[in-house]
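Enquirer: Input run_26.pdb, format and content: PDB, C-alpha atoms.
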ATOM      1  CA  MET A 275     -45.442  12.389 -21.722
ATOM      2  CA  PHE A 276     -42.502  14.370 -23.080
ATOM      3  CA  THR A 277     -44.223  17.560 -21.873
ATOM      4  CA  ASP A 278     -44.494  16.127 -18.344
ATOM      5  CA  ILE A 279     -40.777  15.254 -18.324
ATOM      6  CA  ILE A 280     -39.831  18.795 -19.389
ATOM      7  CA  HIS A 281     -42.292  20.204 -16.844
ATOM      8  CA  THR A 282     -40.619  18.526 -13.855
ATOM      9  CA  LEU A 283     -37.034  18.645 -15.157
ATOM     10  CA  PRO A 284     -35.758  21.572 -12.990
ATOM     11  CA  GLN A 285     -36.972  19.946  -9.760
ATOM     12  CA  VAL A 286     -35.517  16.593 -10.848
ATOM     13  CA  LEU A 287     -32.138  18.243 -11.484
ATOM     14  CA  ILE A 288     -32.111  19.875  -8.044
ATOM     15  CA  ASP A 289     -33.086  16.684  -6.208
ATOM     16  CA  GLY A 290     -30.741  14.593  -8.350
ATOM     17  CA  LEU A 291     -27.744  16.856  -7.728
ATOM     18  CA  THR A 292     -28.344  16.717  -3.958
ATOM     19  CA  LEU A 293     -28.578  12.934  -3.864
ATOM     20  CA  GLY A 294     -25.767  12.556  -6.389
ATOM     21  CA  ALA A 295     -23.415  14.680  -4.290
ATOM     22  CA  VAL A 296     -24.057  12.399  -1.306
ATOM     23  CA  TYR A 297     -23.429   9.276  -3.406
ATOM     24  CA  ALA A 298     -20.291  10.798  -4.927
ATOM     25  CA  VAL A 299     -18.574  11.599  -1.627
ATOM     26  CA  ILE A 300     -19.426   8.192  -0.120
ATOM     27  CA  ALA A 301     -18.191   6.517  -3.326
ATOM     28  CA  LEU A 302     -14.820   8.209  -2.835
ATOM     29  CA  GLY A 303     -14.258   6.162   0.326
ATOM     30  CA  TYR A 304     -14.900   2.917  -1.547
ATOM     31  CA  THR A 305     -12.721   3.824  -4.489
ATOM     32  CA  MET A 306      -9.779   5.075  -2.362
ATOM     33  CA  VAL A 307      -9.583   1.851  -0.362
ATOM     34  CA  TYR A 308     -10.085  -0.347  -3.413
ATOM     35  CA  GLY A 309      -7.454   1.567  -5.370
ATOM     36  CA  ILE A 310      -4.800   0.810  -2.749
ATOM     37  CA  LEU A 311      -5.837  -2.505  -1.165
ATOM     38  CA  GLU A 312      -8.208  -3.912  -3.812
ATOM     39  CA  LEU A 313     -10.584  -4.371  -0.881
ATOM     40  CA  ILE A 314     -14.293  -3.564  -1.111
ATOM     41  CA  ASN A 315     -14.855  -1.976   2.297
ATOM     42  CA  PHE A 316     -18.550  -2.713   2.772
ATOM     43  CA  ALA A 317     -18.336  -1.214   6.273
ATOM     44  CA  HIS A 318     -17.932   2.226   4.683
ATOM     45  CA  GLY A 319     -21.697   2.703   4.450
ATOM     46  CA  GLU A 320     -21.904   2.226   8.201
ATOM     47  CA  ILE A 321     -19.118   4.784   8.716
ATOM     48  CA  PHE A 322     -21.398   7.195   6.835
ATOM     49  CA  MET A 323     -24.290   6.199   9.101
ATOM     50  CA  THR A 324     -22.154   6.587  12.233
ATOM     51  CA  GLY A 325     -21.188  10.074  11.075
ATOM     52  CA  ALA A 326     -24.863  10.960  10.677
ATOM     53  CA  PHE A 327     -25.542   9.865  14.276
ATOM     54  CA  ILE A 328     -22.465  11.586  15.723
ATOM     55  CA  GLY A 329     -23.346  14.817  13.923
ATOM     56  CA  THR A 330     -26.968  14.600  15.065
ATOM     57  CA  ALA A 331     -25.873  13.939  18.662
ATOM     58  CA  VAL A 332     -23.632  17.025  18.596
ATOM     59  CA  LEU A 333     -26.432  19.145  17.114
ATOM     60  CA  LEU A 334     -28.862  17.867  19.755
ATOM     61  CA  GLY A 335     -26.293  18.753  22.421
ATOM     62  CA  LEU A 336     -25.896  22.269  21.026
ATOM     63  CA  THR A 337     -29.687  22.599  20.929
ATOM     64  CA  SER A 338     -30.163  21.417  24.531
ATOM     65  CA  PHE A 339     -27.651  23.994  25.774
ATOM     66  CA  GLY A 340     -29.314  26.710  23.713
ATOM     67  CA  TRP A 341     -26.166  27.352  21.689
ATOM     68  CA  ILE A 342     -27.754  26.470  18.355
ATOM     69  CA  SER A 343     -29.897  29.622  18.548
ATOM     70  CA  VAL A 344     -26.899  31.819  19.442
ATOM     71  CA  ILE A 345     -24.172  30.467  17.156
ATOM     72  CA  PRO A 346     -24.643  31.198  13.430
ATOM     73  CA  ALA A 347     -25.838  28.106  11.578
ATOM     74  CA  ILE A 348     -22.793  27.993   9.296
ATOM     75  CA  ILE A 349     -20.414  28.069  12.306
ATOM     76  CA  SER A 350     -22.380  25.238  13.948
ATOM     77  CA  LEU A 351     -22.193  23.239  10.722
ATOM     78  CA  ILE A 352     -18.430  23.725  10.348
ATOM     79  CA  PHE A 353     -17.878  22.670  13.974
ATOM     80  CA  VAL A 354     -20.064  19.573  13.602
ATOM     81  CA  LEU A 355     -18.449  18.612  10.294
ATOM     82  CA  LEU A 356     -14.908  18.932  11.670
ATOM     83  CA  LEU A 357     -15.656  17.032  14.880
ATOM     84  CA  THR A 358     -17.552  14.270  13.070
ATOM     85  CA  SER A 359     -14.859  13.941  10.397
ATOM     86  CA  ILE A 360     -12.113  13.520  12.996
ATOM     87  CA  LEU A 361     -14.070  10.958  15.012
ATOM     88  CA  THR A 362     -15.177   8.861  12.031
ATOM     89  CA  GLY A 363     -11.670   9.147  10.569
ATOM     90  CA  PHE A 364     -10.234   7.543  13.694
ATOM     91  CA  ILE A 365     -12.994   4.913  13.666
ATOM     92  CA  GLY A 366     -11.981   4.027  10.117
ATOM     93  CA  MET A 367      -8.313   3.827  11.115
ATOM     94  CA  GLY A 368      -9.228   1.592  14.061
ATOM     95  CA  ILE A 369     -11.234  -0.749  11.840
ATOM     96  CA  GLU A 370      -8.330  -1.012   9.402
ATOM     97  CA  ARG A 371      -5.835  -1.696  12.196
ATOM     98  CA  VAL A 372      -7.931  -4.284  14.038
ATOM     99  CA  ALA A 373      -9.942  -6.009  11.313
ATOM    100  CA  TYR A 374      -8.197  -5.529   7.959
ATOM    101  CA  ARG A 375      -4.458  -5.303   8.557
ATOM    102  CA  PRO A 376      -4.146  -8.833  10.048
ATOM    103  CA  LEU A 377      -5.924 -10.161   6.935
ATOM    104  CA  ARG A 378      -3.963  -8.162   4.374
ATOM    105  CA  ASN A 379      -2.272 -11.251   2.911
ATOM    106  CA  ALA A 380      -5.303 -13.504   3.335
ATOM    107  CA  PRO A 381      -7.602 -14.392   0.414
ATOM    108  CA  LYS A 382      -9.739 -11.412  -0.597
ATOM    109  CA  LEU A 383     -12.946 -13.299   0.182
ATOM    110  CA  ILE A 384     -12.002 -13.455   3.880
ATOM    111  CA  ALA A 385     -11.411  -9.699   4.017
ATOM    112  CA  LEU A 386     -14.715  -9.111   2.216
ATOM    113  CA  ILE A 387     -16.622 -11.247   4.728
ATOM    114  CA  THR A 388     -14.873  -9.399   7.554
ATOM    115  CA  ALA A 389     -15.987  -6.055   6.083
ATOM    116  CA  ILE A 390     -19.592  -7.273   5.976
ATOM    117  CA  GLY A 391     -19.260  -8.420   9.601
ATOM    118  CA  ILE A 392     -17.932  -5.010  10.669
ATOM    119  CA  SER A 393     -20.875  -3.436   8.846
ATOM    120  CA  PHE A 394     -23.440  -5.384  10.889
ATOM    121  CA  LEU A 395     -21.460  -4.794  14.084
ATOM    122  CA  LEU A 396     -21.529  -1.010  13.612
ATOM    123  CA  GLN A 397     -25.258  -1.119  12.853
ATOM    124  CA  ASP A 398     -26.025  -2.926  16.108
ATOM    125  CA  ILE A 399     -23.656  -0.818  18.221
ATOM    126  CA  VAL A 400     -25.233   2.423  16.989
ATOM    127  CA  ARG A 401     -28.743   1.024  17.426
ATOM    128  CA  PHE A 402     -27.965  -0.149  20.981
ATOM    129  CA  ILE A 403     -26.470   3.200  22.036
ATOM    130  CA  THR A 404     -29.278   5.206  20.421
ATOM    131  CA  GLU A 405     -32.049   3.132  22.007
ATOM    132  CA  LEU A 406     -30.253   3.263  25.355
ATOM    133  CA  TYR A 407     -30.211   7.066  25.416
ATOM    134  CA  LYS A 408     -33.235   8.007  23.291
ATOM    135  CA  GLY A 409     -35.568   5.007  23.623
ATOM    136  CA  ASN A 410     -35.886   4.808  19.842
ATOM    137  CA  TYR A 411     -33.389   4.207  17.070
ATOM    138  CA  ILE A 412     -35.098   6.529  14.571
ATOM    139  CA  ILE A 413     -33.858  10.058  15.242
ATOM    140  CA  SER A 414     -34.911  13.437  13.895
ATOM    141  CA  THR A 415     -32.132  15.936  13.212
ATOM    142  CA  PRO A 416     -32.393  19.508  14.546
ATOM    143  CA  SER A 417     -33.382  21.940  11.828
ATOM    144  CA  LEU A 418     -30.606  23.846  10.105
ATOM    145  CA  PHE A 419     -30.884  25.718   6.822
ATOM    146  CA  ASN A 420     -34.600  24.971   6.476
ATOM    147  CA  ASN A 421     -35.538  28.214   4.725
ATOM    148  CA  GLN A 422     -37.523  27.534   1.581
ATOM    149  CA  ILE A 423     -36.153  29.016  -1.636
ATOM    150  CA  HIS A 424     -38.512  29.429  -4.585
ATOM    151  CA  LEU A 425     -37.344  29.840  -8.159
ATOM    152  CA  LYS A 426     -39.718  30.976 -10.902
ATOM    153  CA  VAL A 427     -38.195  28.810 -13.602
ATOM    154  CA  SER A 428     -41.338  29.166 -15.693
ATOM    155  CA  SER A 429     -40.310  32.739 -16.458
ATOM    156  CA  ILE A 430     -37.311  31.311 -18.355
ATOM    157  CA  LEU A 431     -39.297  28.684 -20.240
ATOM    158  CA  SER A 432     -43.044  28.324 -19.859
ATOM    159  CA  GLN A 433     -42.867  24.510 -20.063
ATOM    160  CA  PHE A 434     -40.822  24.380 -16.862
ATOM    161  CA  GLN A 435     -42.433  24.018 -13.462
ATOM    162  CA  ASN A 436     -41.463  26.464 -10.712
ATOM    163  CA  VAL A 437     -39.209  24.782  -8.182
ATOM    164  CA  SER A 438     -38.676  25.089  -4.444
ATOM    165  CA  PHE A 439     -35.981  23.668  -2.201
ATOM    166  CA  LYS A 440     -34.534  24.073   1.264
ATOM    167  CA  SER A 441     -31.433  26.197   1.693
ATOM    168  CA  SER A 442     -29.756  23.003   2.939
ATOM    169  CA  PHE A 443     -29.653  21.923  -0.736
ATOM    170  CA  LEU A 444     -27.104  24.642  -1.455
ATOM    171  CA  VAL A 445     -25.152  23.785   1.701
ATOM    172  CA  VAL A 446     -24.983  20.071   0.834
ATOM    173  CA  LEU A 447     -23.981  20.763  -2.754
ATOM    174  CA  ILE A 448     -21.319  23.365  -1.913
ATOM    175  CA  VAL A 449     -19.756  21.390   0.962
ATOM    176  CA  ALA A 450     -19.780  18.148  -1.046
ATOM    177  CA  PHE A 451     -18.050  19.810  -3.997
ATOM    178  CA  ILE A 452     -15.493  21.424  -1.690
ATOM    179  CA  MET A 453     -14.685  18.001  -0.211
ATOM    180  CA  MET A 454     -14.404  16.395  -3.643
ATOM    181  CA  ILE A 455     -12.159  19.152  -5.013
ATOM    182  CA  ALA A 456     -10.008  19.104  -1.867
ATOM    183  CA  LEU A 457      -9.570  15.324  -2.114
ATOM    184  CA  ASP A 458      -8.697  15.529  -5.793
ATOM    185  CA  PHE A 459      -6.072  18.199  -5.005
ATOM    186  CA  PHE A 460      -4.715  16.158  -2.085
ATOM    187  CA  VAL A 461      -4.315  12.978  -4.121
ATOM    188  CA  ASN A 462      -2.839  14.627  -7.212
ATOM    189  CA  ARG A 463      -0.841  17.543  -5.789
ATOM    190  CA  THR A 464       0.640  16.532  -2.415
ATOM    191  CA  LYS A 465       3.398  14.182  -1.258
ATOM    192  CA  TRP A 466       0.938  12.053   0.702
ATOM    193  CA  GLY A 467      -1.209  11.790  -2.394
ATOM    194  CA  MET A 468       1.823  10.772  -4.414
ATOM    195  CA  ALA A 469       2.582   8.120  -1.813
ATOM    196  CA  MET A 470      -1.009   6.837  -2.050
ATOM    197  CA  ARG A 471      -0.762   6.585  -5.818
ATOM    198  CA  ALA A 472       2.580   4.799  -5.518
ATOM    199  CA  VAL A 473       1.170   2.243  -3.064
ATOM    200  CA  ALA A 474      -1.860   1.758  -5.310
ATOM    201  CA  GLN A 475       0.444   1.144  -8.269
ATOM    202  CA  ASP A 476       2.766  -1.357  -6.585
ATOM    203  CA  ARG A 477       2.791  -1.850  -2.833
ATOM    204  CA  GLU A 478       6.000  -3.859  -2.661
ATOM    205  CA  THR A 479       8.003  -1.455  -4.841
ATOM    206  CA  ALA A 480       6.665   1.511  -2.862
ATOM    207  CA  ALA A 481       7.927  -0.104   0.339
ATOM    208  CA  LEU A 482      11.372  -0.538  -1.232
ATOM    209  CA  MET A 483      11.337   3.196  -2.049
ATOM    210  CA  SER A 484      11.087   4.021   1.694
ATOM    211  CA  ILE A 485       7.323   4.635   1.679
ATOM    212  CA  ASN A 486       5.672   3.535   4.928
ATOM    213  CA  VAL A 487       2.901   1.427   3.417
ATOM    214  CA  ASN A 488       1.063   0.856   6.701
ATOM    215  CA  LYS A 489       0.966   4.593   7.427
ATOM    216  CA  VAL A 490      -0.248   5.392   3.908
ATOM    217  CA  ILE A 491      -3.043   2.842   4.201
ATOM    218  CA  SER A 492      -4.019   4.217   7.630
ATOM    219  CA  VAL A 493      -4.143   7.752   6.225
ATOM    220  CA  THR A 494      -6.265   6.492   3.335
ATOM    221  CA  PHE A 495      -8.769   4.951   5.732
ATOM    222  CA  PHE A 496      -8.756   8.115   7.852
ATOM    223  CA  ILE A 497      -9.492  10.396   4.886
ATOM    224  CA  GLY A 498     -12.105   8.088   3.350
ATOM    225  CA  SER A 499     -13.877   7.601   6.680
ATOM    226  CA  ALA A 500     -13.695  11.328   7.499
ATOM    227  CA  LEU A 501     -15.360  12.151   4.178
ATOM    228  CA  GLY A 502     -17.984   9.473   4.781
ATOM    229  CA  GLY A 503     -18.747  10.783   8.285
ATOM    230  CA  ALA A 504     -19.024  14.383   7.062
ATOM    231  CA  THR A 505     -21.389  13.247   4.319
ATOM    232  CA  GLY A 506     -23.523  11.552   6.967
ATOM    233  CA  VAL A 507     -23.923  14.945   8.653
ATOM    234  CA  LEU A 508     -24.938  16.536   5.339
ATOM    235  CA  PHE A 509     -27.459  13.736   4.741
ATOM    236  CA  ALA A 510     -28.975  14.188   8.220
ATOM    237  CA  ILE A 511     -29.311  17.945   7.725
ATOM    238  CA  GLN A 512     -30.875  17.569   4.283
ATOM    239  CA  TYR A 513     -33.318  14.721   4.944
ATOM    240  CA  GLY A 514     -34.040  15.282   8.655
ATOM    241  CA  THR A 515     -34.447  11.661   9.813
ATOM    242  CA  ILE A 516     -31.838   8.951  10.310
ATOM    243  CA  ASP A 517     -31.722   5.359  11.538
ATOM    244  CA  PRO A 518     -28.932   2.757  11.921
ATOM    245  CA  TYR A 519     -29.804   1.137   8.594
ATOM    246  CA  ILE A 520     -29.447   4.113   6.247
ATOM    247  CA  GLY A 521     -25.824   3.182   5.622
ATOM    248  CA  PHE A 522     -26.648  -0.186   4.057
ATOM    249  CA  ILE A 523     -28.694   0.871   1.048
ATOM    250  CA  LEU A 524     -26.823   4.160   0.604
ATOM    251  CA  GLY A 525     -23.533   2.282   0.849
ATOM    252  CA  ILE A 526     -24.630  -0.164  -1.844
ATOM    253  CA  LYS A 527     -25.732   2.747  -4.050
ATOM    254  CA  ALA A 528     -22.419   4.575  -3.494
ATOM    255  CA  PHE A 529     -20.502   1.395  -4.306
ATOM    256  CA  THR A 530     -22.597   1.145  -7.466
ATOM    257  CA  ALA A 531     -21.651   4.744  -8.288
ATOM    258  CA  ALA A 532     -17.958   3.907  -7.780
ATOM    259  CA  VAL A 533     -18.231   0.909 -10.116
ATOM    260  CA  LEU A 534     -20.236   2.944 -12.628
ATOM    261  CA  GLY A 535     -17.566   5.628 -12.768
ATOM    262  CA  GLY A 536     -14.672   3.184 -12.637
ATOM    263  CA  ILE A 537     -13.682   1.577  -9.339
ATOM    264  CA  GLY A 538     -10.349   2.929  -8.152
ATOM    265  CA  ASN A 539     -10.785   6.129 -10.188
ATOM    266  CA  ILE A 540     -11.453   9.112  -7.894
ATOM    267  CA  ARG A 541     -12.844  11.425 -10.557
ATOM    268  CA  GLY A 542     -14.859   8.521 -11.949
ATOM    269  CA  ALA A 543     -16.413   7.963  -8.506
ATOM    270  CA  MET A 544     -17.454  11.619  -8.375
ATOM    271  CA  ALA A 545     -19.013  11.462 -11.826
ATOM    272  CA  GLY A 546     -20.639   8.088 -11.129
ATOM    273  CA  GLY A 547     -22.291   9.422  -7.975
ATOM    274  CA  MET A 548     -23.718  12.454  -9.747
ATOM    275  CA  ILE A 549     -24.964  10.330 -12.657
ATOM    276  CA  LEU A 550     -26.612   7.809 -10.337
ATOM    277  CA  GLY A 551     -28.320  10.536  -8.297
ATOM    278  CA  LEU A 552     -29.725  12.194 -11.418
ATOM    279  CA  VAL A 553     -30.858   8.846 -12.861
ATOM    280  CA  GLU A 554     -32.642   7.904  -9.638
ATOM    281  CA  MET A 555     -34.481  11.200  -9.344
ATOM    282  CA  PHE A 556     -35.446  11.100 -13.032
ATOM    283  CA  ALA A 557     -36.799   7.575 -12.561
ATOM    284  CA  ALA A 558     -38.673   8.523  -9.377
ATOM    285  CA  ALA A 559     -40.372  11.420 -11.171
ATOM    286  CA  ASN A 560     -41.105   9.799 -14.532
ATOM    287  CA  LEU A 561     -41.012   6.004 -14.255
ATOM    288  CA  SER A 562     -44.747   5.699 -13.702
ATOM    289  CA  GLY A 563     -45.519   7.771 -16.799
ATOM    290  CA  LEU A 564     -42.906   6.060 -18.960
ATOM    291  CA  THR A 565     -44.273   2.585 -18.127
ATOM    292  CA  GLY A 566     -47.964   3.457 -18.211
ATOM    293  CA  GLY A 567     -48.326   3.078 -14.446
ATOM    294  CA  ILE A 568     -46.868  -0.436 -14.324
ATOM    295  CA  PHE A 569     -43.854   0.714 -12.293
ATOM    296  CA  GLY A 570     -43.955   3.478  -9.718
ATOM    297  CA  ALA A 571     -41.296   5.656  -8.108
ATOM    298  CA  GLU A 572     -40.431   2.856  -5.674
ATOM    299  CA  TYR A 573     -38.781   0.978  -8.572
ATOM    300  CA  LYS A 574     -36.161   3.687  -9.121
ATOM    301  CA  ASP A 575     -33.496   1.438  -7.559
ATOM    302  CA  VAL A 576     -34.144  -1.262 -10.160
ATOM    303  CA  PHE A 577     -33.836   1.347 -12.900
ATOM    304  CA  ALA A 578     -30.432   2.465 -11.599
ATOM    305  CA  PHE A 579     -29.060  -1.061 -11.263
ATOM    306  CA  ILE A 580     -30.236  -2.007 -14.752
ATOM    307  CA  ILE A 581     -28.152   0.862 -16.115
ATOM    308  CA  LEU A 582     -25.198  -0.374 -14.048
ATOM    309  CA  ILE A 583     -25.544  -3.903 -15.457
ATOM    310  CA  VAL A 584     -25.669  -2.564 -19.012
ATOM    311  CA  VAL A 585     -22.559  -0.457 -18.426
ATOM    312  CA  LEU A 586     -20.657  -3.395 -16.933
ATOM    313  CA  ILE A 587     -21.621  -5.682 -19.812
ATOM    314  CA  PHE A 588     -20.329  -3.310 -22.462
ATOM    315  CA  LYS A 589     -17.628  -1.453 -20.487
ATOM    316  CA  PRO A 590     -16.636  -3.541 -17.443
ATOM    317  CA  GLU A 591     -14.002  -1.034 -16.270
ATOM    318  CA  GLY A 592     -16.737   1.604 -15.806
ATOM    319  CA  LEU A 593     -17.467   4.780 -17.700
ATOM    320  CA  PHE A 594     -14.249   6.578 -16.770
ATOM    321  CA  GLY A 595     -11.957   3.710 -15.794
ATOM    322  CA  LYS A 596      -9.185   2.184 -17.856
ATOM    323  CA  ALA A 597      -8.937  -1.478 -18.716
ATOM    324  CA  ILE A 598      -5.896  -2.993 -17.002
ATOM    325  CA  ALA A 599      -4.364  -6.449 -17.019
ATOM    326  CA  GLU A 600      -4.945  -8.651 -13.982
ATOM    327  CA  LYS A 601      -1.947  -8.776 -11.658
ATOM    328  CA  VAL A 602      -0.398 -12.230 -11.355
TER     329      VAL A 602
END
Represent the structure from my file as structure tokens, please.
Expert:
Amino acid sequence: MFTDIIHTLPQVLIDGLTLGAVYAVIALGYTMVYGILELINFAHGEIFMTGAFIGTAVLLGLTSFGWISVIPAIISLIFVLLLTSILTGFIGMGIERVAYRPLRNAPKLIALITAIGISFLLQDIVRFITELYKGNYIISTPSLFNNQIHLKVSSILSQFQNVSFKSSFLVVLIVAFIMMIALDFFVNRTKWGMAMRAVAQDRETAALMSINVNKVISVTFFIGSALGGATGVLFAIQYGTIDPYIGFILGIKAFTAAVLGGIGNIRGAMAGGMILGLVEMFAAANLSGLTGGIFGAEYKDVFAFIILIVVLIFKPEGLFGKAIAEKV
């Protein structure tokens, strides 16, 4: 069994890093909003899904006009990512302004229920629009970066299996890391980031120090939603098929990654996403062998959530979070 694990390890690492990068960037949206408002924005998964559909619609438009074959793939990707990020950023700002701001001083349970309601609303709106124009809500994404890359890993160590992956793997990984590094720089090295950290620390005191709290919160929603929408585009390019319900399970997984790393901790969310992606892919590849065939790859979600429960029992603040006293 140990030989089989070593044999498939390179492919597991590649698949796990791809999935983990997606989880990590989505988790950033959860952790940014929670860090400032202490609100679990369960609609964030649907922002990710909306981004996937907007990006796919733009790519389909470029394909129908024949531009996709003329414009270099990387230029098309940058255009789609920028356009999708801006649109989903404004969608996030609109949701905050209409649904969350009026409830800012209401009990947190009411805001949580509202977020779940927004989540279902976005699902149905996207499904309605997609079925109206395409006749089906399951959409295939135009091919970009589909060249197969083969690595002879066995030449390094004979126990390793040779691996193959689409070039989109590199694109997803590089773009996701660029977004994570850029966000980390923005939060820790800019005035707006300083304002976000001040509002997260103490909203009332920040307001007394001439910080426009409403504007900071709007910018937070814009950035988190823009990252989520861009990640939806990366997901669509990597996996090729999307539907209005991909945001639900991926959103729950990304929220799990944020909690695993330490909710409210940006670097913890990044690490939690990568850990969760690697754990899931390891479980998918080896769970059947480890359990003697009792559990198959479809139980990888259970495996990941068991790890989360164990972490929360012994370290409730997450792997990289800090224990803090409850505000009274």
Enquirer: Quick one: which residues end up in the PyMOL selection byres ((chain A and resi 286) around 9) for this structure, as a PyMOL selection string?
Expert: chain A and resi 282-285+287-291+552+555-556+558-559
Enquirer: Might you spell out which residues the PyMOL selection byres ((chain A and resi 414-422) around 12) would select in the displayed file, as an mmCIF file with C-alpha atoms, keeping the file's coordinate frame?
Expert:
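Resulting contents of part.cif:
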data_model
loop_
_atom_site.group_PDB
_atom_site.id
_atom_site.type_symbol
_atom_site.label_atom_id
_atom_site.label_comp_id
_atom_site.auth_asym_id
_atom_site.auth_seq_id
_atom_site.Cartn_x
_atom_site.Cartn_y
_atom_site.Cartn_z
ATOM 1 C CA ALA A 326 -24.863 10.960 10.677
ATOM 2 C CA PHE A 327 -25.542 9.865 14.276
ATOM 3 C CA ILE A 328 -22.465 11.586 15.723
ATOM 4 C CA GLY A 329 -23.346 14.817 13.923
ATOM 5 C CA THR A 330 -26.968 14.600 15.065
ATOM 6 C CA ALA A 331 -25.873 13.939 18.662
ATOM 7 C CA VAL A 332 -23.632 17.025 18.596
ATOM 8 C CA LEU A 333 -26.432 19.145 17.114
ATOM 9 C CA LEU A 334 -28.862 17.867 19.755
ATOM 10 C CA GLY A 335 -26.293 18.753 22.421
ATOM 11 C CA LEU A 336 -25.896 22.269 21.026
ATOM 12 C CA THR A 337 -29.687 22.599 20.929
ATOM 13 C CA SER A 338 -30.163 21.417 24.531
ATOM 14 C CA ILE A 342 -27.754 26.470 18.355
ATOM 15 C CA SER A 343 -29.897 29.622 18.548
ATOM 16 C CA ILE A 345 -24.172 30.467 17.156
ATOM 17 C CA PRO A 346 -24.643 31.198 13.430
ATOM 18 C CA ALA A 347 -25.838 28.106 11.578
ATOM 19 C CA ILE A 348 -22.793 27.993 9.296
ATOM 20 C CA ILE A 349 -20.414 28.069 12.306
ATOM 21 C CA SER A 350 -22.380 25.238 13.948
ATOM 22 C CA LEU A 351 -22.193 23.239 10.722
ATOM 23 C CA VAL A 354 -20.064 19.573 13.602
ATOM 24 C CA THR A 404 -29.278 5.206 20.421
ATOM 25 C CA LYS A 408 -33.235 8.007 23.291
ATOM 26 C CA ASN A 410 -35.886 4.808 19.842
ATOM 27 C CA TYR A 411 -33.389 4.207 17.070
ATOM 28 C CA ILE A 412 -35.098 6.529 14.571
ATOM 29 C CA ILE A 413 -33.858 10.058 15.242
ATOM 30 C CA ILE A 423 -36.153 29.016 -1.636
ATOM 31 C CA HIS A 424 -38.512 29.429 -4.585
ATOM 32 C CA LEU A 425 -37.344 29.840 -8.159
ATOM 33 C CA VAL A 437 -39.209 24.782 -8.182
ATOM 34 C CA SER A 438 -38.676 25.089 -4.444
ATOM 35 C CA PHE A 439 -35.981 23.668 -2.201
ATOM 36 C CA LYS A 440 -34.534 24.073 1.264
ATOM 37 C CA SER A 441 -31.433 26.197 1.693
ATOM 38 C CA SER A 442 -29.756 23.003 2.939
ATOM 39 C CA PHE A 443 -29.653 21.923 -0.736
ATOM 40 C CA LEU A 444 -27.104 24.642 -1.455
ATOM 41 C CA VAL A 445 -25.152 23.785 1.701
ATOM 42 C CA VAL A 446 -24.983 20.071 0.834
ATOM 43 C CA GLY A 506 -23.523 11.552 6.967
ATOM 44 C CA VAL A 507 -23.923 14.945 8.653
ATOM 45 C CA LEU A 508 -24.938 16.536 5.339
ATOM 46 C CA PHE A 509 -27.459 13.736 4.741
ATOM 47 C CA ALA A 510 -28.975 14.188 8.220
ATOM 48 C CA ILE A 511 -29.311 17.945 7.725
ATOM 49 C CA GLN A 512 -30.875 17.569 4.283
ATOM 50 C CA TYR A 513 -33.318 14.721 4.944
ATOM 51 C CA GLY A 514 -34.040 15.282 8.655
ATOM 52 C CA THR A 515 -34.447 11.661 9.813
ATOM 53 C CA ILE A 516 -31.838 8.951 10.310
ATOM 54 C CA ASP A 517 -31.722 5.359 11.538
#
Enquirer: Run the PyMOL selection byres ((chain A and resi 466) around 12) mentally over the shown coordinates, then write out the matched residues as a list in words, using the chain letters and numbers from the document.
Expert: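 On the file shown, the PyMOL selection byres ((chain A and resi 466) around 12) covers Leu457, Phe459, Phe460, Val461, Asn462, Arg463, Thr464, Lys465, Gly467, Met468, Ala469, Met470, Arg471, Ala472, Val473, Ile485, Asn486, Val487, Lys489, Val490, Ile491, Ser492, Val493, Thr494 and Ile497 of chain A.
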Enquirer: Find the spatial neighbours of A:Phe529, counting all atoms listed in the file, within a cut-off of 6 Å - ignore same-chain residues fewer than 3 positions away - and output them as a ChimeraX atom specification.
Expert: /A:301,526,532
Enquirer: Nearest to A:Gly325 among A:Leu534, A:Leu447, A:Ile587, A:Leu356, with distances taken over all atoms listed in the file: which residue is it?
Expert: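 Of the candidates, the smallest distance to A:Gly325 is held by A:Leu356.
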Enquirer: Hey, can you check how far atom CA of A:Asp575 sits from atom CA of A:Phe316?
Expert: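 Taking atom CA of A:Asp575 as the start and atom CA of A:Phe316 as the end point, the length is 18.6 Å.
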Enquirer: Tell me, as a compact mmCIF listing (two decimals) with C-alpha atoms, keeping the file's coordinate frame, which residues lie within 9 Å of stretch 317-322 of chain A, counting all atoms listed in the file; anything in the same chain fewer than 4 positions away does not count.
Expert:
# COMPACT_ATOMS: atom_id res chain seq x y z
CA ILE A 300 -19.43 8.19 -0.12
CA GLY A 303 -14.26 6.16 0.33
CA TYR A 304 -14.90 2.92 -1.55
CA ALA A 326 -24.86 10.96 10.68
CA PHE A 327 -25.54 9.86 14.28
CA THR A 362 -15.18 8.86 12.03
CA GLY A 363 -11.67 9.15 10.57
CA ILE A 365 -12.99 4.91 13.67
CA GLY A 366 -11.98 4.03 10.12
CA THR A 388 -14.87 -9.40 7.55
CA ALA A 389 -15.99 -6.06 6.08
CA ILE A 390 -19.59 -7.27 5.98
CA GLY A 391 -19.26 -8.42 9.60
CA ILE A 392 -17.93 -5.01 10.67
CA SER A 393 -20.88 -3.44 8.85
CA PHE A 394 -23.44 -5.38 10.89
CA LEU A 396 -21.53 -1.01 13.61
CA GLN A 397 -25.26 -1.12 12.85
CA GLY A 498 -12.10 8.09 3.35
CA SER A 499 -13.88 7.60 6.68
CA ALA A 500 -13.70 11.33 7.50
CA LEU A 501 -15.36 12.15 4.18
CA GLY A 502 -17.98 9.47 4.78
CA GLY A 503 -18.75 10.78 8.28
CA ALA A 504 -19.02 14.38 7.06
CA THR A 505 -21.39 13.25 4.32
CA GLY A 506 -23.52 11.55 6.97
CA VAL A 507 -23.92 14.94 8.65
CA PRO A 518 -28.93 2.76 11.92
CA TYR A 519 -29.80 1.14 8.59
CA ILE A 520 -29.45 4.11 6.25
CA GLY A 521 -25.82 3.18 5.62
CA PHE A 522 -26.65 -0.19 4.06
CA ILE A 523 -28.69 0.87 1.05
CA LEU A 524 -26.82 4.16 0.60
CA GLY A 525 -23.53 2.28 0.85
CA ILE A 526 -24.63 -0.16 -1.84
CA ALA A 528 -22.42 4.58 -3.49
CA PHE A 529 -20.50 1.40 -4.31
